[in-house]
Structures are given as structure tokens and as C-alpha cells.
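Just upload04.txt here, compact mmCIF, C-alpha atoms:
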```txt
# COMPACT_ATOMS: atom_id res chain seq x y z
CA SER C 412 -171.93 88.95 74.84
CA GLY C 413 -174.12 86.75 72.69
CA SER C 414 -172.94 83.68 74.60
CA MET C 415 -174.71 84.98 77.73
CA SER C 416 -178.22 84.24 76.48
CA GLY C 417 -180.82 82.30 78.47
CA THR C 418 -180.11 81.33 82.04
CA ARG C 419 -176.60 82.82 81.92
CA ILE C 420 -177.85 86.40 81.52
CA GLU C 421 -180.56 85.84 84.10
CA THR C 422 -177.96 84.58 86.58
CA ALA C 423 -175.63 87.49 85.81
CA ARG C 424 -178.47 90.02 86.25
CA GLY C 425 -179.42 88.48 89.60
CA ALA C 426 -175.82 88.47 90.81
CA ALA C 427 -175.20 92.08 89.71
CA ASP C 428 -178.36 93.30 91.43
CA ALA C 429 -177.53 91.34 94.60
CA VAL C 430 -174.12 93.02 94.76
CA VAL C 431 -175.59 96.50 94.16
CA GLN C 432 -178.16 95.96 96.92
CA THR C 433 -175.39 95.23 99.46
CA PHE C 434 -174.09 98.81 99.19
CA SER C 435 -175.06 101.36 101.82
CA ASN C 436 -175.40 105.11 101.53
CA ASN C 437 -171.74 105.34 102.64
CA ASP C 438 -170.58 103.43 99.55
CA PHE C 439 -169.91 104.59 96.00
CA VAL C 440 -170.63 102.50 92.92
CA GLY C 441 -170.21 102.46 89.17
CA VAL C 442 -171.20 99.67 86.81
CA VAL C 443 -169.78 98.97 83.35
CA LYS C 444 -171.69 96.99 80.73
CA PHE C 445 -169.76 95.38 77.91
CA SER C 446 -169.90 93.15 74.89
CA SER C 447 -167.84 94.09 71.82
CA THR C 448 -167.49 97.55 73.40
CA ALA C 449 -167.87 98.91 76.92
CA SER C 450 -169.95 101.74 78.35
CA PRO C 451 -171.20 102.92 81.73
CA LEU C 452 -174.44 101.19 82.68
CA VAL C 453 -176.05 104.35 84.10
CA SER C 454 -173.46 107.03 84.81
CA SER C 455 -169.89 107.64 83.68
CA GLN C 456 -169.15 108.73 87.25
CA ILE C 457 -168.92 106.63 90.37
CA LYS C 458 -171.83 107.79 92.52
CA ARG C 459 -173.02 107.44 96.11
CA ALA C 460 -175.14 104.29 96.52
CA THR C 461 -178.34 106.06 97.53
CA THR C 462 -181.61 104.15 97.51
CA GLU C 463 -182.61 106.08 94.39
CA TYR C 464 -179.38 105.33 92.55
CA LYS C 465 -179.53 101.65 93.47
CA GLU C 466 -183.07 101.50 92.04
CA GLU C 467 -181.83 103.17 88.86
CA LEU C 468 -179.07 100.57 88.61
CA LYS C 469 -181.54 97.75 89.31
CA THR C 470 -183.75 98.88 86.43
CA ALA C 471 -180.78 99.16 84.07
CA ILE C 472 -179.49 95.72 85.13
CA GLU C 473 -182.91 94.18 84.42
CA GLU C 474 -182.80 95.65 80.91
CA LEU C 475 -179.35 94.27 80.02
CA GLY C 476 -179.36 92.22 76.84
CA THR C 477 -176.96 89.94 75.03
CA SER C 478 -175.04 90.73 71.85
CA GLY C 479 -171.59 90.91 70.36
CA SER C 480 -168.42 89.42 71.74
CA THR C 481 -166.71 89.61 75.14
CA ASN C 482 -164.30 92.56 75.28
CA TYR C 483 -162.92 92.37 78.82
CA GLU C 484 -160.11 94.76 77.96
CA ALA C 485 -162.50 97.58 77.08
CA ALA C 486 -164.53 96.90 80.23
CA PHE C 487 -161.53 96.97 82.54
CA ASN C 488 -160.09 100.06 80.85
CA LEU C 489 -163.35 101.93 81.34
CA ALA C 490 -163.72 100.75 84.95
CA PHE C 491 -160.16 101.81 85.80
CA ASN C 492 -160.71 105.18 84.09
CA MET C 493 -163.87 105.71 86.16
CA LEU C 494 -161.94 104.87 89.34
CA ALA C 495 -159.09 107.20 88.39
CA GLN C 496 -161.55 110.03 87.73
CA ALA C 497 -163.23 109.45 91.11
CA ALA C 498 -159.86 109.45 92.87
CA SER C 499 -158.89 112.78 91.30
CA ASP C 500 -162.18 114.51 92.23
```
Write out the structure in this file as C-alpha cells.
Amino acid sequence: SGSMSGTRIETARGAADAVVQTFSNNDFVGVVKFSSTASPLVSSQIKRATTEYKEELKTAIEELGTSGSTNYEAAFNLAFNMLAQAASD
């Protein structure tokens, strides 16, 4: 959201990347970005945390900007939908 400008977004980017880098090739990951709306950061599917995918996520995290409001509901709905899809595959 727009309130995340400055050091807040930098801290959030660092924390998100730190979490992504803890995953091993045995893990699966999906990341949702949100402000007024929500969307998958890289992929609409939860994917294996390969070195390549983690680098793709890192790049996308570094490019995150600030805008809009904070729509947690949309973010959680999308995240739960992604998890439900992964569970049914």
C-alpha cells in the first residue's frame, strides 16, 4: 500500500527475500502481492523452491512498489485459493 513507502517497503522486501531464501528444493512456495487488489507475485501456482525460482522471486520482490490501500482480504483469499489448487493437484 502507499503507507509502505521508504524504509517500510525496504524492510518488507528484505524480510520477504530472507524467508524465500530459507526454502530448500523440497519446499513449495507461492507469493501474493497486494495493495487495493491482490495478484500472484510471479506465478498463480505454488511451485517447487528451486534455485532458479527463488532467484525469480528475489527479482520480483526487489521490484515491488507502493500504491493503493491495504486489502488483506483479497490477499488472503488469493493465497487460500492457491493453496486449495495445489492441494487438489
Output as lines of an AutoDock Vina configuration file the centre and edge lengths (Å, one decimal) of the box along x, y and z of the file that holds every listed atom of region 419-430 of chain C after adding 8 Å on each side.
```
center_x = -177.3
center_y = 88.1
center_z = 88.1
size_x = 22.4
size_y = 26.5
size_z = 29.2
```
Rank C:Thr418, C:Thr448, C:Gln456, C:Thr462 by their smallest atom-to-atom distance to Asn436 (chain C), using all atoms listed in the file, and report the top residue only.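 Using all atoms listed in the file, Asn436 (chain C) sits closest to C:Thr462.
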Shell of 7 Å around region 482-487 of chain C, all atoms listed in the file, local chain residues under 2 positions omitted, as an MDAnalysis selection string: chainID C and resid 443 445:449 480 489:491
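Pairwise distance (CA of Ser455 (chain C), CA of Gly425 (chain C)) equals 22.2 Å.
Of note, CA of Lys458 (chain C) and CA of Asp500 (chain C) are spaced 11.8 Å apart.
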Residue nearest Glu473 (chain C) among C:Ser454, C:Ser435, C:Arg424, C:Ser412 (counting all atoms listed in the file):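 Ranking C:Ser454, C:Ser435, C:Arg424, C:Ser412 by distance to Glu473 (chain C), first place goes to C:Arg424.
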Distance CA of Val442 (chain C)-CA of Lys469 (chain C), one decimal place?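 Answer for the CA of Val442 (chain C) to CA of Lys469 (chain C) separation: 10.8 Å.
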Could you check which of C:Met415, C:Val440, C:Val430, C:Ala497 is closest to Ala460 (chain C), using all atoms listed in the file?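 Looking at the shortest contact to Ala460 (chain C), the residue is C:Val440.
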From the list C:Ala427, C:Asn492, C:Tyr464, C:Asn437, which residue is nearest Ser450 (chain C) when using all atoms listed in the file? C:Asn492
C:Ala429, C:Thr481, C:Gln496, C:Gly441: which is nearest Arg459 (chain C), counting all atoms listed in the file?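 Ranked by minimum distance to Arg459 (chain C), first place goes to C:Gly441.
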Pick the closest to Met493 (chain C) from C:Ser478, C:Pro451, C:Glu466, C:Thr461: which is it, counting all atoms listed in the file?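 Between C:Ser478, C:Pro451, C:Glu466, C:Thr461, the residue approaching Met493 (chain C) most closely is C:Pro451.
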